[in-house]
$ cat run-v4.txt   # compact mmCIF, C-alpha atoms
# COMPACT_ATOMS: atom_id res chain seq x y z
CA MET E 57 9.71 6.16 -8.91
CA GLU E 58 12.15 5.06 -6.23
CA ALA E 59 11.15 2.43 -3.73
CA VAL E 60 9.93 3.85 -0.41
CA PRO E 61 10.16 2.20 3.01
CA PHE E 62 7.20 0.51 4.66
CA ILE E 63 6.90 -0.50 8.28
CA GLY E 64 4.69 -3.42 7.37
CA ILE E 65 1.98 -5.00 5.28
CA ASP E 66 -1.00 -6.72 6.82
CA ARG E 67 -3.36 -8.84 4.73
CA HIS E 68 -6.99 -9.79 5.26
CA ARG E 69 -8.17 -6.95 7.44
CA LEU E 70 -11.92 -7.26 7.59
CA GLY E 71 -14.07 -4.36 8.61
CA VAL E 72 -11.11 -2.46 10.04
CA ASP E 73 -9.86 -0.21 7.26
CA GLY E 74 -12.96 0.24 5.18
CA VAL E 75 -15.22 -1.92 3.10
CA GLY E 76 -14.46 -5.54 2.32
CA VAL E 77 -11.20 -7.41 2.46
CA THR E 78 -8.33 -4.96 2.66
CA THR E 79 -4.57 -5.10 2.86
CA LEU E 80 -2.95 -2.45 5.03
CA ALA E 81 0.28 -1.00 3.64
CA ALA E 82 1.93 1.17 6.28
CA PHE E 83 4.43 3.79 5.12
CA HIS E 84 7.44 4.82 7.14
CA GLY E 85 7.54 8.47 8.16
CA CYS E 86 5.16 10.77 10.02
CA PRO E 87 5.04 14.54 10.63
CA LEU E 88 3.53 14.08 14.09
CA HIS E 89 5.00 12.77 17.32
CA CYS E 90 2.01 11.50 19.24
CA GLN E 91 2.62 10.71 22.87
CA TYR E 92 0.91 7.35 22.62
CA CYS E 93 2.15 6.54 19.14
CA LEU E 94 1.12 3.04 18.12
CA ASN E 95 3.80 2.58 15.46
CA HIS E 96 7.08 4.02 16.76
CA ARG E 97 8.91 2.26 13.98
CA CYS E 98 7.63 4.85 11.52
CA LEU E 99 9.64 7.55 13.33
CA GLU E 100 12.87 5.61 13.66
CA SER E 101 15.52 5.04 11.02
CA PRO E 102 14.15 3.35 7.89
CA ASP E 103 17.26 1.20 7.68
CA GLY E 104 16.33 -2.43 7.41
CA LEU E 105 12.73 -1.80 6.41
CA PRO E 106 11.34 -3.34 3.23
CA ARG E 107 11.11 -0.91 0.31
CA TYR E 108 8.69 -1.09 -2.58
CA THR E 109 7.95 0.82 -5.73
CA PRO E 110 4.25 1.13 -6.62
CA GLN E 111 4.67 -1.70 -9.10
CA GLN E 112 6.36 -3.95 -6.56
CA LEU E 113 3.68 -3.30 -3.96
CA TYR E 114 0.97 -3.85 -6.55
CA ASP E 115 2.48 -7.19 -7.47
CA LEU E 116 2.80 -8.15 -3.82
CA VAL E 117 -0.74 -7.37 -2.68
CA GLY E 118 -2.26 -8.69 -5.91
CA ILE E 119 -2.30 -12.13 -4.35
CA ASP E 120 -5.65 -11.09 -2.83
CA ASN E 121 -7.08 -9.65 -6.05
CA LEU E 122 -10.03 -12.05 -6.04
CA TYR E 123 -10.98 -11.11 -2.47
CA PHE E 124 -10.69 -7.39 -3.24
CA ILE E 125 -12.93 -7.59 -6.28
CA ALA E 126 -15.52 -9.85 -4.64
CA THR E 127 -15.89 -7.72 -1.52
CA GLY E 128 -15.34 -4.20 -2.84
CA GLY E 129 -12.13 -4.02 -0.84
CA GLY E 130 -8.61 -3.06 -1.78
CA VAL E 131 -5.63 -1.44 -0.15
CA CYS E 132 -5.58 0.82 2.88
CA PHE E 133 -2.52 3.04 3.07
CA GLY E 134 -1.52 3.96 6.60
CA GLY E 135 1.67 4.55 8.47
CA GLY E 136 3.06 6.84 9.34
CA GLU E 137 1.42 9.38 7.11
CA PRO E 138 0.43 8.06 3.68
CA LEU E 139 -0.28 11.47 2.19
CA LEU E 140 3.43 12.26 2.46
CA HIS E 141 3.70 9.76 -0.41
CA VAL E 142 0.89 11.01 -2.59
CA ASP E 143 2.89 10.47 -5.81
CA PHE E 144 3.21 6.83 -4.81
CA LEU E 145 -0.55 6.62 -4.28
CA THR E 146 -1.20 8.21 -7.67
CA GLU E 147 1.03 5.78 -9.51
CA PHE E 148 -0.41 2.85 -7.58
CA LYS E 149 -3.91 3.87 -8.65
CA THR E 150 -2.90 3.84 -12.31
CA LEU E 151 -1.81 0.23 -11.78
CA CYS E 152 -4.80 -1.10 -9.85
CA GLY E 153 -7.50 0.87 -11.66
CA LYS E 154 -11.07 1.05 -10.45
CA SER E 155 -11.39 -2.56 -9.37
CA TRP E 156 -9.60 -1.92 -6.07
CA ASN E 157 -10.76 0.70 -3.61
CA LEU E 158 -8.00 2.71 -1.99
CA THR E 159 -8.35 4.00 1.55
CA ALA E 160 -5.99 6.35 3.36
CA GLU E 161 -5.64 6.63 7.11
CA THR E 162 -4.32 10.14 7.55
CA SER E 163 -3.85 12.91 10.08
CA LEU E 164 -4.09 15.45 7.23
CA GLN E 165 -0.90 17.05 8.55
CA VAL E 166 0.29 17.61 5.01
CA SER E 167 0.21 20.28 2.34
CA ARG E 168 -3.03 21.30 0.66
CA GLU E 169 -1.58 20.10 -2.63
CA ALA E 170 -1.03 16.63 -1.19
CA VAL E 171 -4.67 16.51 -0.09
CA ARG E 172 -5.80 17.70 -3.51
CA GLN E 173 -3.84 14.99 -5.29
CA ALA E 174 -4.92 12.31 -2.85
CA ALA E 175 -8.57 13.22 -3.34
CA LEU E 176 -8.21 12.26 -7.00
CA VAL E 177 -7.14 8.68 -6.36
CA VAL E 178 -8.19 7.67 -2.84
CA GLY E 179 -11.73 6.32 -2.53
CA ASP E 180 -12.22 6.68 1.21
CA PHE E 181 -10.42 8.66 3.88
CA ILE E 182 -10.11 7.73 7.53
CA VAL E 183 -9.02 10.94 9.24
CA ASP E 184 -7.40 10.78 12.65
CA ILE E 185 -8.26 14.29 13.76
CA LYS E 186 -7.14 13.72 17.39
CA GLU E 187 -8.56 16.86 19.01
CA SER E 188 -10.19 20.19 18.26
CA ALA E 189 -8.58 22.24 21.06
CA PRO E 190 -5.32 23.63 19.61
CA ASP E 191 -3.39 23.46 22.88
CA THR E 192 -4.38 19.87 23.54
CA TYR E 193 -3.61 18.91 19.95
CA ARG E 194 -0.15 20.44 20.15
CA ALA E 195 0.55 18.89 23.55
CA TYR E 196 -0.38 15.43 22.35
CA THR E 197 0.97 15.49 18.78
CA GLY E 198 3.45 18.36 18.63
CA GLY E 199 1.58 19.63 15.57
CA ASP E 200 -0.68 22.50 14.54
CA ALA E 201 -4.35 21.58 14.73
CA SER E 202 -5.36 24.25 12.23
CA VAL E 203 -3.47 22.46 9.43
CA ALA E 204 -5.50 19.28 9.94
CA TRP E 205 -8.82 21.04 10.40
CA ASP E 206 -8.35 23.34 7.39
CA ASN E 207 -7.43 20.35 5.25
CA LEU E 208 -10.46 18.48 6.55
CA SER E 209 -12.72 21.32 5.43
CA TYR E 210 -11.12 21.26 2.00
CA LEU E 211 -11.39 17.48 1.79
CA LEU E 212 -15.04 17.60 2.77
CA GLU E 213 -15.76 20.10 0.00
CA THR E 214 -13.82 17.99 -2.47
CA VAL E 215 -14.98 14.42 -1.86
CA GLY E 216 -18.11 14.82 0.28
CA PRO E 217 -19.05 13.30 3.63
CA ARG E 218 -19.72 9.78 2.32
CA HIS E 219 -16.03 9.26 1.74
CA ILE E 220 -14.73 10.53 5.06
CA THR E 221 -14.70 8.85 8.46
CA VAL E 222 -13.21 10.91 11.28
CA ARG E 223 -11.74 9.24 14.33
CA VAL E 224 -12.14 11.08 17.61
CA PRO E 225 -10.17 9.47 20.43
CA LEU E 226 -10.50 9.99 24.14
CA ILE E 227 -6.84 10.35 25.08
CA PRO E 228 -6.10 9.66 28.76
CA ASP E 229 -4.31 12.55 30.48
CA TYR E 230 -4.86 14.82 27.48
CA ASN E 231 -8.61 15.18 26.97
CA ASP E 232 -11.88 13.84 28.38
CA GLU E 233 -15.42 12.94 27.41
CA ALA E 234 -16.49 16.56 27.31
CA ALA E 235 -13.60 17.45 25.01
CA THR E 236 -14.32 14.61 22.61
CA ALA E 237 -17.97 15.62 22.58
CA ARG E 238 -16.96 19.15 21.60
CA THR E 239 -14.78 17.78 18.81
CA ALA E 240 -17.63 15.58 17.58
CA ASP E 241 -20.04 18.54 17.70
CA ARG E 242 -17.64 20.64 15.64
CA LEU E 243 -17.33 17.87 13.07
CA THR E 244 -21.09 17.49 12.87
CA ALA E 245 -21.52 21.23 12.45
CA MET E 246 -19.15 21.28 9.50
CA GLY E 247 -21.01 18.43 7.79
CA ILE E 248 -19.06 15.30 8.76
CA THR E 249 -21.49 12.41 9.15
CA ARG E 250 -19.22 9.47 9.92
CA ILE E 251 -17.61 9.94 13.30
CA ASP E 252 -15.82 7.12 15.12
CA ARG E 253 -15.42 7.86 18.83
CA PHE E 254 -13.25 5.52 20.88
CA THR E 255 -10.86 5.42 23.81
CA TYR E 256 -7.11 4.91 23.99
CA ARG E 257 -6.36 2.35 26.64
CA VAL E 258 -3.00 2.93 28.26
CA LYS E 259 -1.28 -0.29 29.19
CA MET Z 10 -13.20 -17.62 18.34
CA THR Z 11 -9.76 -16.18 17.61
CA ARG Z 12 -9.31 -13.21 15.29
CA GLY Z 13 -7.50 -15.39 12.78
CA LYS Z 14 -10.21 -18.02 12.76
CA ASN Z 15 -12.86 -15.37 12.28
CA ILE Z 16 -10.97 -14.00 9.27
CA CYS Z 17 -10.55 -17.53 7.91
CA ASN Z 18 -14.28 -18.19 8.14
CA GLN Z 19 -15.18 -14.96 6.34
CA LEU Z 20 -12.67 -15.55 3.56
CA LYS Z 21 -13.99 -19.07 3.23
CA GLU Z 22 -17.47 -17.63 2.76
CA VAL Z 23 -16.17 -15.34 0.00
CA ARG Z 24 -14.62 -18.31 -1.79
CA LYS Z 25 -17.81 -20.29 -1.35
CA ARG Z 26 -19.92 -17.54 -2.91
CA ILE Z 27 -17.57 -17.19 -5.88
CA ALA Z 28 -17.69 -20.94 -6.43
CA GLU Z 29 -21.46 -21.17 -6.14
CA GLU Z 30 -22.14 -18.18 -8.35
CA ASN Z 31 -19.92 -19.53 -11.10
CA GLY Z 32 -20.80 -23.21 -10.83
CA ILE Z 33 -17.32 -24.17 -9.72
CA PRO Z 34 -17.12 -27.36 -7.64
CA LEU Z 35 -15.43 -26.46 -4.37
CA GLU Z 36 -15.38 -28.88 -1.49
CA ILE Z 37 -14.45 -27.01 1.67
CA LYS Z 38 -13.28 -29.57 4.18
CA GLU Z 39 -13.13 -29.07 7.90
CA CYS Z 40 -9.94 -27.29 8.84
CA THR Z 41 -7.34 -29.52 10.45
CA TYR Z 42 -4.61 -26.89 10.70
CA LYS Z 43 -2.89 -27.31 14.07
CA GLY Z 44 -0.97 -24.06 14.38
CA GLU Z 45 -2.28 -20.63 15.29
CA CYS Z 46 -4.70 -19.55 12.58
CA ARG Z 47 -3.57 -16.29 10.95
CA GLY Z 48 -6.63 -16.05 8.73
CA THR Z 49 -5.14 -17.98 5.87
CA CYS Z 50 -2.96 -21.04 5.35
CA PRO Z 51 -1.48 -22.93 2.41
CA ARG Z 52 -4.73 -24.81 1.83
CA CYS Z 53 -6.79 -21.61 1.85
CA GLU Z 54 -4.32 -20.00 -0.57
CA ALA Z 55 -4.48 -23.05 -2.81
CA GLU Z 56 -8.27 -22.72 -2.95
CA VAL Z 57 -7.94 -19.12 -4.13
CA ARG Z 58 -5.55 -20.14 -6.89
CA TYR Z 59 -7.90 -22.98 -7.80
CA LEU Z 60 -10.79 -20.52 -8.13
CA GLU Z 61 -8.70 -18.17 -10.26
CA ASN Z 62 -7.86 -20.99 -12.63
CA ALA Z 63 -11.44 -22.25 -12.68
CA LEU Z 64 -12.74 -18.78 -13.52
CA ALA Z 65 -10.23 -18.51 -16.35
CA ASN Z 66 -11.29 -21.93 -17.63
CA ARG Z 67 -14.93 -20.94 -17.43
CA MET Z 68 -14.30 -17.87 -19.55
CA SER Z 69 -12.33 -19.82 -22.06
CA LEU Z 70 -15.49 -21.83 -22.65
CA GLY Z 71 -17.38 -18.64 -23.40
CA LYS Z 72 -19.22 -18.59 -20.08
CA VAL Z 73 -19.72 -15.55 -17.91
CA ALA Z 74 -17.58 -15.32 -14.78
CA THR Z 75 -18.99 -13.25 -11.93
CA VAL Z 76 -16.82 -11.97 -9.12
CA ALA Z 77 -17.21 -8.23 -8.67
CA GLY Z 78 -19.31 -7.37 -5.65
CA LEU Z 79 -20.34 -10.96 -4.96
CA ALA Z 80 -19.56 -10.63 -1.28
CA LEU Z 81 -20.16 -6.94 -0.68
CA GLY Z 82 -22.15 -7.72 2.44
CA LEU Z 83 -19.18 -9.30 4.14
CA ALA Z 84 -16.68 -7.45 6.26
CA VAL Z 85 -18.49 -4.14 6.17
CA PRO Z 86 -17.39 -2.00 9.08
CA GLY Z 87 -20.58 -0.01 9.17
CA THR Z 88 -18.88 3.32 8.69
CA ILE Z 89 -18.00 3.42 5.01
CA ALA Z 90 -20.44 2.74 2.21
CA ALA Z 91 -19.60 -0.08 -0.13
CA GLN Z 92 -21.05 1.64 -3.15
CA ASP Z 93 -20.03 4.70 -5.09
CA THR Z 94 -16.33 4.48 -4.34
CA VAL Z 95 -15.41 5.65 -7.82
CA ARG Z 96 -16.02 9.36 -7.83
CA ARG Z 97 -16.24 11.92 -10.56
CA ASP Z 98 -12.82 13.30 -9.60
CA GLU Z 99 -11.27 9.92 -10.22
CA VAL Z 100 -12.84 9.70 -13.65
CA LYS Z 101 -11.54 13.16 -14.38
CA ILE Z 102 -7.91 12.25 -13.80
CA VAL Z 103 -8.21 9.20 -16.00
CA LYS Z 104 -9.64 11.33 -18.76
CA GLN Z 105 -6.85 13.85 -18.38
CA ILE Z 106 -4.29 11.13 -18.94
CA ALA Z 107 -6.19 9.12 -21.49
CA GLN Z 108 -6.09 10.75 -24.89
CA ASN Z 109 -5.02 10.49 -28.50
CA ILE Z 110 -4.47 6.80 -29.24
CA LYS Z 111 -5.65 3.39 -28.07
CA ILE Z 112 -3.40 0.37 -27.68
CA LYS Z 113 -5.50 -2.77 -27.45
CA GLY Z 114 -4.88 -6.45 -27.20
CA GLN Z 115 -5.45 -9.70 -25.38
CA VAL Z 116 -3.43 -11.66 -22.84
CA ILE Z 117 -3.66 -15.43 -22.71
CA ASP Z 118 -2.04 -18.35 -20.93
CA LEU Z 119 0.62 -19.73 -23.24
CA THR Z 120 0.04 -23.34 -22.20
CA THR Z 121 -3.73 -23.49 -22.26
CA GLY Z 122 -4.53 -20.67 -24.62
CA GLU Z 123 -7.12 -19.40 -22.17
CA PRO Z 124 -7.68 -15.67 -21.70
CA LEU Z 125 -6.11 -14.26 -18.55
CA PRO Z 126 -8.25 -11.85 -16.50
CA PHE Z 127 -6.91 -9.33 -13.96
CA VAL Z 128 -3.53 -8.95 -15.68
CA SER Z 129 -1.96 -5.55 -15.06
CA VAL Z 130 -1.01 -4.00 -18.40
CA THR Z 131 0.90 -0.72 -18.22
CA ALA Z 132 2.58 1.70 -20.60
CA ILE Z 133 6.01 2.85 -19.40
CA ASP Z 134 7.63 5.94 -20.88
CA SER Z 135 11.34 6.51 -21.51
CA THR Z 136 11.89 7.80 -17.96
CA GLY Z 137 10.46 4.63 -16.46
CA LYS Z 138 7.26 6.34 -15.36
CA VAL Z 139 3.98 4.49 -15.61
CA VAL Z 140 1.86 6.59 -17.96
CA ILE Z 141 -1.29 4.53 -17.69
CA GLY Z 142 -2.31 1.10 -16.53
CA ALA Z 143 -5.28 -1.18 -17.00
CA SER Z 144 -6.41 -4.64 -15.98
CA THR Z 145 -7.51 -7.21 -18.49
CA ASP Z 146 -11.19 -8.09 -18.42
CA PHE Z 147 -12.60 -11.56 -18.00
CA ASP Z 148 -11.84 -12.30 -21.65
CA GLY Z 149 -8.24 -11.17 -21.26
CA TYR Z 150 -8.70 -7.96 -23.24
CA TYR Z 151 -7.19 -4.61 -22.32
CA THR Z 152 -7.19 -1.09 -23.72
CA LEU Z 153 -4.61 1.58 -22.93
CA LYS Z 154 -5.31 5.18 -23.90
CA VAL Z 155 -2.08 7.12 -24.16
CA PRO Z 156 -0.64 10.15 -25.90
CA GLU Z 157 1.47 9.38 -28.94
CA GLY Z 158 4.96 8.38 -27.91
CA ARG Z 159 7.49 5.68 -27.21
CA TYR Z 160 6.41 3.13 -24.63
CA THR Z 161 7.29 -0.20 -23.19
CA ILE Z 162 4.19 -2.30 -22.55
CA ARG Z 163 4.49 -4.31 -19.35
CA CYS Z 164 2.24 -7.21 -18.27
CA MET Z 165 2.07 -8.49 -14.70
CA CYS Z 166 -0.03 -11.22 -13.19
CA VAL Z 167 0.35 -13.12 -9.96
CA GLY Z 168 1.71 -16.57 -10.71
CA TYR Z 169 3.09 -15.65 -14.11
CA TYR Z 170 6.35 -14.23 -15.36
CA ARG Z 171 6.40 -10.51 -15.87
CA LEU Z 172 6.60 -9.66 -19.56
CA GLU Z 173 7.66 -6.52 -21.37
CA LEU Z 174 7.16 -5.80 -25.03
CA PRO Z 175 10.20 -4.03 -26.53
CA VAL Z 176 9.91 -0.25 -26.60
CA ASP Z 177 8.09 1.04 -29.66
CA ASN Z 178 6.85 4.31 -31.07
CA TYR Z 179 3.06 4.39 -30.92
CA THR Z 180 1.53 6.95 -33.27
CA LYS Z 181 -1.94 5.57 -34.04
CA ASP Z 182 -4.59 3.21 -32.71
CA LEU Z 183 -3.50 -0.38 -32.99
CA THR Z 184 -4.13 -3.87 -31.73
CA LEU Z 185 -1.02 -5.61 -30.45
CA PRO Z 186 -0.33 -9.29 -31.11
CA THR Z 187 -1.75 -11.59 -28.47
CA ILE Z 188 0.48 -11.67 -25.41
CA GLU Z 189 1.14 -15.12 -24.01
CA MET Z 190 2.09 -15.45 -20.36
CA LYS Z 191 3.51 -18.52 -18.73
CA THR Z 192 5.43 -19.72 -15.72
CA SER Z 193 8.18 -21.19 -17.88
CA ALA Z 194 10.71 -19.76 -20.28
CA ILE Z 195 8.66 -20.59 -23.42
CA LEU Z 196 7.89 -17.14 -24.76
CA SER Z 197 6.87 -15.47 -27.95
CA GLU Z 198 9.48 -13.84 -30.11
CA GLY Z 199 10.28 -10.33 -29.02
CA ILE Z 200 9.16 -10.76 -25.42
CA VAL Z 201 11.68 -10.60 -22.64
CA ILE Z 202 11.60 -12.38 -19.28
CA ILE Z 203 12.07 -9.77 -16.59
CA GLU Z 204 11.72 -11.92 -13.49
CA ASP Z 205 12.11 -15.62 -13.04
CA ASP Z 206 10.24 -16.15 -9.78
CA PRO Z 207 6.50 -16.25 -10.30
CA VAL Z 208 5.71 -17.08 -6.68
CA ILE Z 209 4.85 -14.08 -4.55
CA GLU Z 210 4.47 -14.55 -0.84
CA ILE Z 211 3.66 -12.00 1.79
CA GLY Z 212 5.44 -12.61 5.06
CA PRO Z 213 4.43 -11.91 8.65
CA THR Z 214 3.01 -8.50 9.25
CA GLY Z 215 5.88 -7.26 11.38
CA GLY Z 216 4.16 -4.59 13.33
CA ILE Z 217 0.83 -3.27 12.16
CA ASN Z 218 -1.62 -4.84 14.55
CA THR Z 219 -2.31 -3.43 17.95
CA GLU Z 220 -0.17 -6.14 19.51
CA ILE Z 221 3.05 -4.89 17.97
CA GLN Z 222 6.33 -4.24 19.67
CA GLY Z 223 6.75 -0.96 21.47
CA VAL Z 224 3.05 -0.43 21.94
CA LYS Z 225 2.17 1.96 24.68
CA VAL Z 226 -1.53 2.00 24.09
CA LYS Z 227 -4.15 -0.23 22.64
CA VAL Z 228 -6.94 1.19 20.58
CA GLN Z 229 -10.28 -0.15 21.65
$ encode --input "run-v4.txt" --output "structure tokens"
Amino acid sequence: MEAVPFIGIDRHRLGVDGVGVTTLAAFHGCPLHCQYCLNHRCLESPDGLPRYTPQQLYDLVGIDNLYFIATGGGVCFGGGEPLLHVDFLTEFKTLCGKSWNLTAETSLQVSREAVRQAALVVGDFIVDIKESAPDTYRAYTGGDASVAWDNLSYLLETVGPRHITVRVPLIPDYNDEAATARTADRLTAMGITRIDRFTYRVK
Amino acid sequence: MTRGKNICNQLKEVRKRIAEENGIPLEIKECTYKGECRGTCPRCEAEVRYLENALANRMSLGKVATVAGLALGLAVPGTIAAQDTVRRDEVKIVKQIAQNIKIKGQVIDLTTGEPLPFVSVTAIDSTGKVVIGASTDFDGYYTLKVPEGRYTIRCMCVGYYRLELPVDNYTKDLTLPTIEMKTSAILSEGIVIIEDDPVIEIGPTGGINTEIQGVKVKVQ
């Protein structure tokens, strides 16, 4: 497999990206264009970014192997959109085996096949669902909300609610408390049990 | 307390638990690092390497080494369960790949002769694709289950040279000769040095935290 670009690697994230000590590996590339994007670098040219094959990344993050095993942690793949690189994730899992837990922070704005493959190798999903109202979702992200929500339903059927945390942000100028409550209610109705509601703070 | 210092303290607790559980003497002195704490520093990293070596030594003496899940209670975000992260689907894919023959063996440190745990052992096919991978156990043993075929067996471990056994045609279950890994060029016959820099460092994060360049918002 060819090396793919990453916008960064961040070690020793505790209680941020899942259980235990985790290393965040953030892929370049994203299908969405969120108005308040936190990582613009993932949408710009990949020139100059570090590139890794699964083996190279495995060797790199293995420096924290002891911490991963002791705390039940591992690697959180973010970005960007990690499920655009599901073949990378699959090969990485063959290298790290069961001793590292893999987490993916995803918008689920990918193909159903990508979600299916990811569900085989990713232990926990953190889904950034953004919004339930299609118009608001499109205005904020430029994407189609139904893709994310349909994939979320499929993911829920496939891996179960214990392995999914859904982030519901209050996005200034795009939605409000009532809208986030509606999104949370919809998630609850479909069987999601781990819902993380928070607020974007515009600087 | 700064974010970095908080991380440092939690990692220190993990190291302390590993040491205590395995009877490894570990004197954690008061930190005198003057710069901004980023959660780890050369001394912290040295303690991790010390523990890795001590665990390997312990196992070489026939003692049990305990690491897995020792510090599960630390750094739990409260939203994702620590248990049951290996699901049935995951087992299924391993079973789909694993079939036909078993390639087994042991990896040891060439200098000390001690078994090496946590070594990544992979089978690479003729296209360069990783067919299957496994980590050595605490006694340095590994088992790869692969279809019959021609493979290169690759061994990787932080702090050691990467080794590759020459490509061979594997048609039946077999136990490979003991693989000896070292940080020098003293190698067993038939093993090739692939890389000559055993030191792996991870640099600054370069833009993942909320305080990165170009940030328009900050997530609470």
$ closest_residue --input "run-v4.txt" --among "E:Cys90, E:Val142, E:Val166, E:Val177" --to "chain Z" --atoms "all atoms listed in the file"
E:Val177
$ closest_atom_pairs --input "run-v4.txt" --of "chain E" --to "chain Z" --cutoff "7 Å" --atoms "all atoms listed in the file" --output "JSON lines"
{"residue": "E:Met57", "atom": "CA", "partner": "Z:Lys138", "partner_atom": "CA", "distance": 6.9}
{"residue": "E:Gly64", "atom": "CA", "partner": "Z:Thr214", "partner_atom": "CA", "distance": 5.7}
{"residue": "E:Ile65", "atom": "CA", "partner": "Z:Thr214", "partner_atom": "CA", "distance": 5.4}
{"residue": "E:Asp66", "atom": "CA", "partner": "Z:Thr214", "partner_atom": "CA", "distance": 5.0}
{"residue": "E:Leu70", "atom": "CA", "partner": "Z:Ala84", "partner_atom": "CA", "distance": 4.9}
{"residue": "E:Gly71", "atom": "CA", "partner": "Z:Pro86", "partner_atom": "CA", "distance": 4.1}
{"residue": "E:Val72", "atom": "CA", "partner": "Z:Pro86", "partner_atom": "CA", "distance": 6.4}
{"residue": "E:Gly74", "atom": "CA", "partner": "Z:Ile89", "partner_atom": "CA", "distance": 6.0}
{"residue": "E:Val75", "atom": "CA", "partner": "Z:Val85", "partner_atom": "CA", "distance": 5.0}
{"residue": "E:Gly76", "atom": "CA", "partner": "Z:Ala84", "partner_atom": "CA", "distance": 4.9}
{"residue": "E:Val77", "atom": "CA", "partner": "Z:Ala84", "partner_atom": "CA", "distance": 6.7}
{"residue": "E:Tyr92", "atom": "CA", "partner": "Z:Lys225", "partner_atom": "CA", "distance": 5.9}
{"residue": "E:Leu94", "atom": "CA", "partner": "Z:Val224", "partner_atom": "CA", "distance": 5.5}
{"residue": "E:His96", "atom": "CA", "partner": "Z:Gly223", "partner_atom": "CA", "distance": 6.9}
{"residue": "E:Asp115", "atom": "CA", "partner": "Z:Val167", "partner_atom": "CA", "distance": 6.8}
{"residue": "E:Leu116", "atom": "CA", "partner": "Z:Ile209", "partner_atom": "CA", "distance": 6.3}
{"residue": "E:Gly118", "atom": "CA", "partner": "Z:Val167", "partner_atom": "CA", "distance": 6.5}
{"residue": "E:Ile119", "atom": "CA", "partner": "Z:Val167", "partner_atom": "CA", "distance": 6.3}
{"residue": "E:Ile125", "atom": "CA", "partner": "Z:Ala77", "partner_atom": "CA", "distance": 4.9}
{"residue": "E:Ala126", "atom": "CA", "partner": "Z:Gly78", "partner_atom": "CA", "distance": 4.6}
{"residue": "E:Thr127", "atom": "CA", "partner": "Z:Leu81", "partner_atom": "CA", "distance": 4.4}
{"residue": "E:Gly128", "atom": "CA", "partner": "Z:Gly78", "partner_atom": "CA", "distance": 5.8}
{"residue": "E:Glu147", "atom": "CA", "partner": "Z:Val139", "partner_atom": "CA", "distance": 6.9}
{"residue": "E:Thr150", "atom": "CA", "partner": "Z:Gly142", "partner_atom": "CA", "distance": 5.1}
{"residue": "E:Leu151", "atom": "CA", "partner": "Z:Gly142", "partner_atom": "CA", "distance": 4.9}
{"residue": "E:Gly153", "atom": "CA", "partner": "Z:Ala143", "partner_atom": "CA", "distance": 6.1}
{"residue": "E:Lys154", "atom": "CA", "partner": "Z:Val95", "partner_atom": "CA", "distance": 6.8}
{"residue": "E:Asn157", "atom": "CA", "partner": "Z:Thr94", "partner_atom": "CA", "distance": 6.8}
{"residue": "E:Leu176", "atom": "CA", "partner": "Z:Glu99", "partner_atom": "CA", "distance": 5.0}
{"residue": "E:Val177", "atom": "CA", "partner": "Z:Glu99", "partner_atom": "CA", "distance": 5.8}
{"residue": "E:Gly179", "atom": "CA", "partner": "Z:Thr94", "partner_atom": "CA", "distance": 5.3}
{"residue": "E:His219", "atom": "CA", "partner": "Z:Ile89", "partner_atom": "CA", "distance": 7.0}
{"residue": "E:Thr221", "atom": "CA", "partner": "Z:Thr88", "partner_atom": "CA", "distance": 6.9}
{"residue": "E:Arg250", "atom": "CA", "partner": "Z:Thr88", "partner_atom": "CA", "distance": 6.3}
{"residue": "E:Phe254", "atom": "CA", "partner": "Z:Gln229", "partner_atom": "CA", "distance": 6.4}
{"residue": "E:Thr255", "atom": "CA", "partner": "Z:Gln229", "partner_atom": "CA", "distance": 6.0}
{"residue": "E:Tyr256", "atom": "CA", "partner": "Z:Val228", "partner_atom": "CA", "distance": 5.0}
{"residue": "E:Arg257", "atom": "CA", "partner": "Z:Lys227", "partner_atom": "CA", "distance": 5.2}
{"residue": "E:Val258", "atom": "CA", "partner": "Z:Val226", "partner_atom": "CA", "distance": 4.5}
{"residue": "E:Lys259", "atom": "CA", "partner": "Z:Val226", "partner_atom": "CA", "distance": 5.6}
$ closest_residue --input "run-v4.txt" --among "Z:Lys14, Z:Arg67, Z:Gly122, Z:Thr152" --to "Lys43 in chain Z" --atoms "only C-alpha atoms"
Z:Lys14
$ atom_distance --input "run-v4.txt" --atom1 "CA of Asp252 in chain E" --atom2 "CA of Ala195 in chain E"
21.9 Å
$ atom_distance --input "run-v4.txt" --atom1 "CA of Lys72 in chain Z" --atom2 "CA of Ala55 in chain Z"
23.1 Å
$ residues_near_point --input "run-v4.txt" --point "(-7.8, -15.6, -16.5)" --cutoff "9 Å" --atoms "only C-alpha atoms" --output "list in words"
Glu61, Asn62, Ala63, Leu64, Ala65, Asn66, Arg67, Met68, Ser69, Val116, Ile117, Asp118, Glu123, Pro124, Leu125, Pro126, Phe127, Val128, Thr145, Asp146, Phe147, Asp148 and Gly149 of chain Z
$ residues_around --input "run-v4.txt" --residues "Gly134 in chain E" --least-positions-apart "6" --cutoff "7 Å" --atoms "all atoms listed in the file" --output "compact mmCIF listing (two decimals) with C-alpha atoms, in the frame of the given file"
# COMPACT_ATOMS: atom_id res chain seq x y z
CA LEU E 80 -2.95 -2.45 5.03
CA ALA E 81 0.28 -1.00 3.64
CA ALA E 82 1.93 1.17 6.28
CA PHE E 83 4.43 3.79 5.12
CA ALA E 160 -5.99 6.35 3.36
CA GLU E 161 -5.64 6.63 7.11
CA THR E 162 -4.32 10.14 7.55
$ atom_distance --input "run-v4.txt" --atom1 "CA of Ile220 in chain E" --atom2 "CA of Thr239 in chain E"
15.5 Å
$ axis_aligned_box --input "run-v4.txt" --around "range 68-76 of chain E" --padding-each-side "4 Å" --output "AutoDock Vina command-line options"
--center_x -11.1 --center_y -4.8 --center_z 6.2 --size_x 16.2 --size_y 18.0 --size_z 15.7
